[in-house]
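Okay, upload-v5.cif now, which holds mmCIF, C-alpha atoms:
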data_input
loop_
_atom_site.group_PDB
_atom_site.id
_atom_site.type_symbol
_atom_site.label_atom_id
_atom_site.label_comp_id
_atom_site.auth_asym_id
_atom_site.auth_seq_id
_atom_site.Cartn_x
_atom_site.Cartn_y
_atom_site.Cartn_z
ATOM 1 C CA MET A 1 0.000 0.000 0.000
ATOM 2 C CA TYR A 2 1.085 3.599 0.503
ATOM 3 C CA SER A 3 3.082 5.049 3.362
ATOM 4 C CA ALA A 4 0.077 7.154 4.301
ATOM 5 C CA GLU A 5 -2.639 5.999 6.635
ATOM 6 C CA ILE A 6 -5.798 7.938 5.938
ATOM 7 C CA LEU A 7 -8.721 7.719 8.280
ATOM 8 C CA LEU A 8 -12.037 8.805 6.847
ATOM 9 C CA CYS A 9 -15.132 7.495 8.595
ATOM 10 C CA ARG A 10 -14.706 3.700 8.805
ATOM 11 C CA PRO A 11 -11.798 2.653 6.580
ATOM 12 C CA LYS A 12 -8.110 2.675 7.433
ATOM 13 C CA TRP A 13 -6.815 2.444 3.863
ATOM 14 C CA GLY A 14 -6.659 5.041 1.171
ATOM 15 C CA VAL A 15 -4.890 7.277 -1.223
ATOM 16 C CA GLN A 16 -4.607 10.991 -1.747
ATOM 17 C CA ILE A 17 -5.825 11.929 -5.217
ATOM 18 C CA GLY A 18 -5.685 14.996 -7.369
ATOM 19 C CA PHE A 19 -7.170 15.448 -10.806
ATOM 20 C CA GLY A 20 -6.409 17.541 -13.831
ATOM 21 C CA GLY A 21 -7.752 17.933 -17.323
ATOM 22 C CA ASP A 22 -9.381 20.928 -18.958
ATOM 23 C CA GLU A 23 -12.924 19.571 -18.577
ATOM 24 C CA VAL A 24 -12.514 19.203 -14.827
ATOM 25 C CA LYS A 25 -10.633 22.477 -14.348
ATOM 26 C CA GLN A 26 -13.504 24.434 -15.889
ATOM 27 C CA LYS A 27 -15.946 23.018 -13.326
ATOM 28 C CA GLN A 28 -13.715 23.332 -10.264
ATOM 29 C CA ALA A 29 -14.054 26.177 -7.830
ATOM 30 C CA THR A 30 -10.897 28.209 -7.263
ATOM 31 C CA LEU A 31 -9.812 28.785 -3.678
ATOM 32 C CA GLN A 32 -7.125 30.951 -2.122
ATOM 33 C CA LEU A 33 -4.850 29.226 0.378
ATOM 34 C CA HIS A 34 -4.188 30.833 3.778
ATOM 35 C CA SER A 35 -1.800 29.799 6.553
ATOM 36 C CA GLN A 36 -1.675 30.500 10.276
ATOM 37 C CA PRO A 37 1.136 29.334 12.593
ATOM 38 C CA LEU A 38 0.023 27.266 15.588
ATOM 39 C CA GLY A 39 1.748 26.746 18.916
ATOM 40 C CA LEU A 40 0.718 23.125 19.382
ATOM 41 C CA GLU A 41 2.453 20.828 21.807
ATOM 42 C CA ALA A 42 0.395 17.784 20.827
ATOM 43 C CA THR A 43 1.720 15.223 18.374
ATOM 44 C CA PRO A 44 -0.192 14.579 15.143
ATOM 45 C CA GLU A 45 -1.395 11.282 16.604
ATOM 46 C CA GLN A 46 -2.651 12.971 19.778
ATOM 47 C CA LEU A 47 -4.448 15.681 17.809
ATOM 48 C CA HIS A 48 -6.031 13.128 15.484
ATOM 49 C CA SER A 49 -7.128 10.980 18.421
ATOM 50 C CA ALA A 50 -8.777 13.953 20.127
ATOM 51 C CA LEU A 51 -10.518 15.079 16.935
ATOM 52 C CA SER A 52 -11.763 11.587 16.077
ATOM 53 C CA GLN A 53 -13.550 11.438 19.423
ATOM 54 C CA ASN A 54 -15.568 14.529 18.472
ATOM 55 C CA PHE A 55 -15.959 14.247 14.692
ATOM 56 C CA GLU A 56 -17.098 11.322 12.547
ATOM 57 C CA SER A 57 -14.810 12.137 9.598
ATOM 58 C CA THR A 58 -11.140 12.750 10.311
ATOM 59 C CA PHE A 59 -7.823 11.884 8.710
ATOM 60 C CA LEU A 60 -4.142 11.578 9.544
ATOM 61 C CA LEU A 61 -1.881 11.612 6.492
ATOM 62 C CA GLU A 62 1.870 11.115 6.757
ATOM 63 C CA SER A 63 4.124 12.250 3.924
ATOM 64 C CA SER A 64 6.944 10.043 2.803
ATOM 65 C CA GLY A 65 10.364 11.400 2.068
ATOM 66 C CA SER A 66 12.641 9.776 -0.447
ATOM 67 C CA ALA A 67 15.746 9.625 1.751
ATOM 68 C CA GLN A 68 14.116 10.289 5.109
ATOM 69 C CA LYS A 69 13.326 7.525 7.553
ATOM 70 C CA ASN A 70 10.444 9.457 9.116
ATOM 71 C CA ALA A 71 7.752 11.588 7.540
ATOM 72 C CA ARG A 72 8.602 15.208 6.826
ATOM 73 C CA PHE A 73 4.986 16.326 7.217
ATOM 74 C CA SER A 74 1.898 15.078 9.016
ATOM 75 C CA PHE A 75 -1.534 16.362 8.011
ATOM 76 C CA VAL A 76 -4.571 16.191 10.283
ATOM 77 C CA GLY A 77 -8.037 17.106 9.062
ATOM 78 C CA PHE A 78 -11.584 16.885 10.324
ATOM 79 C CA MET A 79 -15.185 17.709 9.411
ATOM 80 C CA PRO A 80 -15.060 17.810 5.601
ATOM 81 C CA ASP A 81 -17.129 20.271 3.593
ATOM 82 C CA LYS A 82 -18.680 17.338 1.703
ATOM 83 C CA ILE A 83 -18.637 13.546 1.800
ATOM 84 C CA ILE A 84 -18.947 11.700 -1.501
ATOM 85 C CA THR A 85 -19.728 7.976 -1.472
ATOM 86 C CA LEU A 86 -20.157 5.559 -4.361
ATOM 87 C CA ARG A 87 -22.036 2.324 -3.758
ATOM 88 C CA LYS A 88 -23.386 0.043 -6.514
ATOM 89 C CA GLY A 89 -23.401 2.799 -9.149
ATOM 90 C CA VAL A 90 -25.141 5.370 -6.945
ATOM 91 C CA VAL A 91 -23.243 8.486 -5.899
ATOM 92 C CA ASP A 92 -24.240 10.034 -2.578
ATOM 93 C CA ILE A 93 -23.151 13.612 -1.935
ATOM 94 C CA ASP A 94 -24.107 14.587 1.605
ATOM 95 C CA GLY A 95 -27.340 12.567 1.445
ATOM 96 C CA GLN A 96 -28.346 13.472 -2.110
ATOM 97 C CA GLN A 97 -28.261 10.326 -4.225
ATOM 98 C CA MET A 98 -27.982 10.023 -7.996
ATOM 99 C CA ASP A 99 -27.162 7.279 -10.480
ATOM 100 C CA SER A 100 -23.869 7.838 -12.219
ATOM 101 C CA LYS A 101 -22.267 6.408 -15.326
ATOM 102 C CA SER A 102 -19.053 8.305 -14.557
ATOM 103 C CA PRO A 103 -18.653 8.568 -10.778
ATOM 104 C CA ILE A 104 -14.994 9.574 -10.965
ATOM 105 C CA LYS A 105 -15.909 12.658 -13.031
ATOM 106 C CA GLN A 106 -18.473 13.625 -10.399
ATOM 107 C CA LEU A 107 -15.793 13.321 -7.738
ATOM 108 C CA GLN A 108 -13.337 15.316 -9.862
ATOM 109 C CA SER A 109 -15.788 18.177 -10.318
ATOM 110 C CA LEU A 110 -16.173 18.570 -6.542
ATOM 111 C CA ILE A 111 -12.468 18.990 -5.798
ATOM 112 C CA PRO A 112 -11.594 22.697 -5.603
ATOM 113 C CA LYS A 113 -8.462 23.915 -7.318
ATOM 114 C CA ASN A 114 -6.185 25.661 -4.820
ATOM 115 C CA GLN A 115 -4.551 28.872 -5.906
ATOM 116 C CA GLY A 116 -1.137 29.670 -4.542
ATOM 117 C CA GLN A 117 0.949 27.502 -2.315
ATOM 118 C CA SER A 118 1.946 27.304 1.282
ATOM 119 C CA ALA A 119 5.301 28.744 2.300
ATOM 120 C CA GLU A 120 5.562 25.811 4.708
ATOM 121 C CA LEU A 121 4.851 23.139 2.086
ATOM 122 C CA GLY A 122 5.826 24.514 -1.280
ATOM 123 C CA SER A 123 3.517 22.742 -3.691
ATOM 124 C CA GLY A 124 2.660 19.791 -1.423
ATOM 125 C CA PHE A 125 -0.692 18.622 -0.092
ATOM 126 C CA VAL A 126 -2.980 21.557 0.661
ATOM 127 C CA GLY A 127 -6.399 19.936 0.966
ATOM 128 C CA GLY A 128 -8.840 18.415 -1.440
ATOM 129 C CA ALA A 129 -10.221 14.881 -1.547
ATOM 130 C CA VAL A 130 -9.056 12.417 1.070
ATOM 131 C CA GLY A 131 -10.476 8.926 1.224
ATOM 132 C CA TYR A 132 -10.285 5.524 -0.410
ATOM 133 C CA PHE A 133 -11.139 3.403 -3.431
ATOM 134 C CA SER A 134 -12.229 -0.081 -2.436
ATOM 135 C CA PHE A 135 -10.850 -3.140 -4.161
ATOM 136 C CA ASP A 136 -14.167 -3.538 -5.974
ATOM 137 C CA TYR A 137 -13.873 -0.095 -7.601
ATOM 138 C CA ILE A 138 -11.973 -1.843 -10.398
ATOM 139 C CA ARG A 139 -15.382 -3.000 -11.678
ATOM 140 C CA TYR A 140 -16.046 0.588 -12.825
ATOM 141 C CA VAL A 141 -12.831 0.539 -14.840
ATOM 142 C CA GLU A 142 -12.649 -3.070 -16.092
ATOM 143 C CA LYS A 143 -15.595 -5.254 -17.090
ATOM 144 C CA PHE A 144 -15.829 -8.640 -15.372
ATOM 145 C CA SER A 145 -18.353 -11.366 -16.097
ATOM 146 C CA ALA A 146 -18.638 -12.503 -12.480
ATOM 147 C CA ASN A 147 -20.407 -10.310 -9.946
ATOM 148 C CA PRO A 148 -19.210 -11.545 -6.539
ATOM 149 C CA LYS A 149 -21.151 -11.109 -3.329
ATOM 150 C CA ASP A 150 -20.237 -8.016 -1.306
ATOM 151 C CA GLU A 151 -18.879 -9.433 1.921
ATOM 152 C CA THR A 152 -17.372 -6.265 3.428
ATOM 153 C CA GLY A 153 -20.099 -3.645 3.108
ATOM 154 C CA PHE A 154 -17.531 -0.986 2.167
ATOM 155 C CA ALA A 155 -18.540 1.669 -0.325
ATOM 156 C CA ASP A 156 -16.869 1.475 -3.749
ATOM 157 C CA PHE A 157 -15.254 4.777 -2.859
ATOM 158 C CA GLU A 158 -15.659 7.318 -0.113
ATOM 159 C CA PHE A 159 -13.996 10.725 -0.015
ATOM 160 C CA GLY A 160 -14.232 13.819 2.096
ATOM 161 C CA ILE A 161 -13.593 17.223 0.535
ATOM 162 C CA PHE A 162 -11.475 19.046 3.095
ATOM 163 C CA GLY A 163 -10.879 22.785 2.973
ATOM 164 C CA ASP A 164 -8.397 22.892 5.827
ATOM 165 C CA ALA A 165 -5.809 20.854 7.707
ATOM 166 C CA VAL A 166 -3.296 21.146 10.517
ATOM 167 C CA VAL A 167 0.181 20.579 9.092
ATOM 168 C CA PHE A 168 3.086 19.429 11.235
ATOM 169 C CA ASP A 169 6.572 20.056 9.807
ATOM 170 C CA HIS A 170 8.722 17.550 11.685
ATOM 171 C CA ILE A 171 12.022 19.013 10.456
ATOM 172 C CA LYS A 172 11.263 22.595 11.499
ATOM 173 C CA GLY A 173 9.319 21.486 14.575
ATOM 174 C CA LYS A 174 6.377 23.730 13.694
ATOM 175 C CA ALA A 175 2.655 23.315 13.174
ATOM 176 C CA SER A 176 0.479 25.457 10.901
ATOM 177 C CA TYR A 177 -3.186 25.631 10.090
ATOM 178 C CA LEU A 178 -3.867 25.778 6.336
ATOM 179 C CA TYR A 179 -7.313 26.755 5.149
ATOM 180 C CA THR A 180 -9.043 27.808 1.958
ATOM 181 C CA LYS A 181 -12.381 29.210 3.078
ATOM 182 C CA GLU A 182 -13.052 29.687 6.747
ATOM 183 C CA ASN A 183 -10.491 29.923 9.549
ATOM 184 C CA ARG A 184 -11.979 27.496 12.074
ATOM 185 C CA VAL A 185 -9.281 27.961 14.704
ATOM 186 C CA ALA A 186 -9.415 31.749 14.998
#
Rewrite the structure of this file - the entire thing - as structure tokens.
Amino acid sequence: MYSAEILLCRPKWGVQIGFGGDEVKQKQATLQLHSQPLGLEATPEQLHSALSQNFESTFLLESSGSAQKNARFSFVGFMPDKIITLRKGVVDIDGQQMDSKSPIKQLQSLIPKNQGQSAELGSGFVGGAVGYFSFDYIRYVEKFSANPKDETGFADFEFGIFGDAVVFDHIKGKASYLYTKENRVA
């Protein structure tokens, strides 16, 4: 798998995704990125643990460095702006359900394009969609004759659209709050 552990609702597996393409870029909202230094003494794990006791949807994402043994950055997020779930061809966006022939394009259109970059991160992770694709998502990409029984109950994908995150820079020993819309720690 990946070096990141992403926690969003139930699952403990996932990937960070970003999308491009002119068709998607035209539909995406554009957001300005803001940063605020934080004087946190908690570790990313402690912050995530505390948040997950109060919020249903949280994540802890660890970056991987090419030559580094430990992660350079840790990202902690909570309470996404939207939750998008795909189950058996039906996309659910915060309770509104619709059939979809192209669920990935629906997901793509909901991911805002960030403008600018963080001085702390350069062009690294600054929010967006965090979640997972289940193993069975491959059935939307490849056609199979067999239709096995769903034994796990996991959605085919589930993503939260996050507009902010607490970022820990382990090399500089600093934490910052990055946000695109509303400063929720002010």
* Exercise: Asp136 (chain A) partners within 10 Å, all atoms listed in the file, chain neighbours under 3 positions left out, as a count of residues only -> 11
* Residues selected by the PyMOL selection byres ((chain A and resi 55) around 10), written as a VMD selection string -> chain A and resid 9 50 to 54 56 to 58 78 to 80
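For the point (-1.9, 32.3, 10.9) in file coordinates, the residues within 12 Å, using all atoms listed in the file, are Leu33, His34, Ser35, Gln36, Pro37, Leu38, Gly39, Ser118, Ala119, Glu120, Val166, Ala175, Ser176, Tyr177, Leu178, Tyr179, Asn183, Arg184, Val185 and Ala186 of chain A.
The gap separating CA of Asp169 (chain A) from CA of Glu62 (chain A) is 10.6 Å, in Å to one decimal.
Atom pair CA of Phe75 (chain A) / CA of Leu61 (chain A): separated by 5.0 Å.
CA of Gly163 (chain A) is found 24.6 Å from CA of Val90 (chain A).
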* To do: Taking the file as shown, find all residues satisfying the PyMOL selection byres ((chain A and resi 104) around 12) and write them as a ChimeraX atom specification.
  => /A:17-19,24,84-86,89-91,100-103,105-111,129,133,137-138,140-141,156-159
Please save C-alpha atoms of the selected residues as an mmCIF file, in the coordinates of the input.
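New file selection.cif:
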data_model
loop_
_atom_site.group_PDB
_atom_site.id
_atom_site.type_symbol
_atom_site.label_atom_id
_atom_site.label_comp_id
_atom_site.auth_asym_id
_atom_site.auth_seq_id
_atom_site.Cartn_x
_atom_site.Cartn_y
_atom_site.Cartn_z
ATOM 1 C CA ILE A 17 -5.825 11.929 -5.217
ATOM 2 C CA GLY A 18 -5.685 14.996 -7.369
ATOM 3 C CA PHE A 19 -7.170 15.448 -10.806
ATOM 4 C CA VAL A 24 -12.514 19.203 -14.827
ATOM 5 C CA ILE A 84 -18.947 11.700 -1.501
ATOM 6 C CA THR A 85 -19.728 7.976 -1.472
ATOM 7 C CA LEU A 86 -20.157 5.559 -4.361
ATOM 8 C CA GLY A 89 -23.401 2.799 -9.149
ATOM 9 C CA VAL A 90 -25.141 5.370 -6.945
ATOM 10 C CA VAL A 91 -23.243 8.486 -5.899
ATOM 11 C CA SER A 100 -23.869 7.838 -12.219
ATOM 12 C CA LYS A 101 -22.267 6.408 -15.326
ATOM 13 C CA SER A 102 -19.053 8.305 -14.557
ATOM 14 C CA PRO A 103 -18.653 8.568 -10.778
ATOM 15 C CA LYS A 105 -15.909 12.658 -13.031
ATOM 16 C CA GLN A 106 -18.473 13.625 -10.399
ATOM 17 C CA LEU A 107 -15.793 13.321 -7.738
ATOM 18 C CA GLN A 108 -13.337 15.316 -9.862
ATOM 19 C CA SER A 109 -15.788 18.177 -10.318
ATOM 20 C CA LEU A 110 -16.173 18.570 -6.542
ATOM 21 C CA ILE A 111 -12.468 18.990 -5.798
ATOM 22 C CA ALA A 129 -10.221 14.881 -1.547
ATOM 23 C CA PHE A 133 -11.139 3.403 -3.431
ATOM 24 C CA TYR A 137 -13.873 -0.095 -7.601
ATOM 25 C CA ILE A 138 -11.973 -1.843 -10.398
ATOM 26 C CA TYR A 140 -16.046 0.588 -12.825
ATOM 27 C CA VAL A 141 -12.831 0.539 -14.840
ATOM 28 C CA ASP A 156 -16.869 1.475 -3.749
ATOM 29 C CA PHE A 157 -15.254 4.777 -2.859
ATOM 30 C CA GLU A 158 -15.659 7.318 -0.113
ATOM 31 C CA PHE A 159 -13.996 10.725 -0.015
#
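Residues captured in this structure file are Lys82, Ile83, Ile84, Thr85, Val91, Asp92, Ile93, Asp94, Gln96, Gln97 and Met98 of chain A, according to the PyMOL selection byres ((chain A and resi 95) around 10).
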* Can you pull out every residue within 8 Å of His170 (chain A), counting only C-alpha atoms, but drop anything in the same chain fewer than 5 positions away, and send it as number ranges by chain? => A: 71-74
* Structure fact -> Of A:Ala165, A:Lys143, A:Gly128, A:Leu40, the one nearest to Val76 (chain A) when counting only C-alpha atoms is A:Ala165
* Structure fact -> Of A:Glu151, A:Leu60, A:Arg87, A:Val130, the one nearest to Thr43 (chain A) when counting all atoms listed in the file is A:Leu60
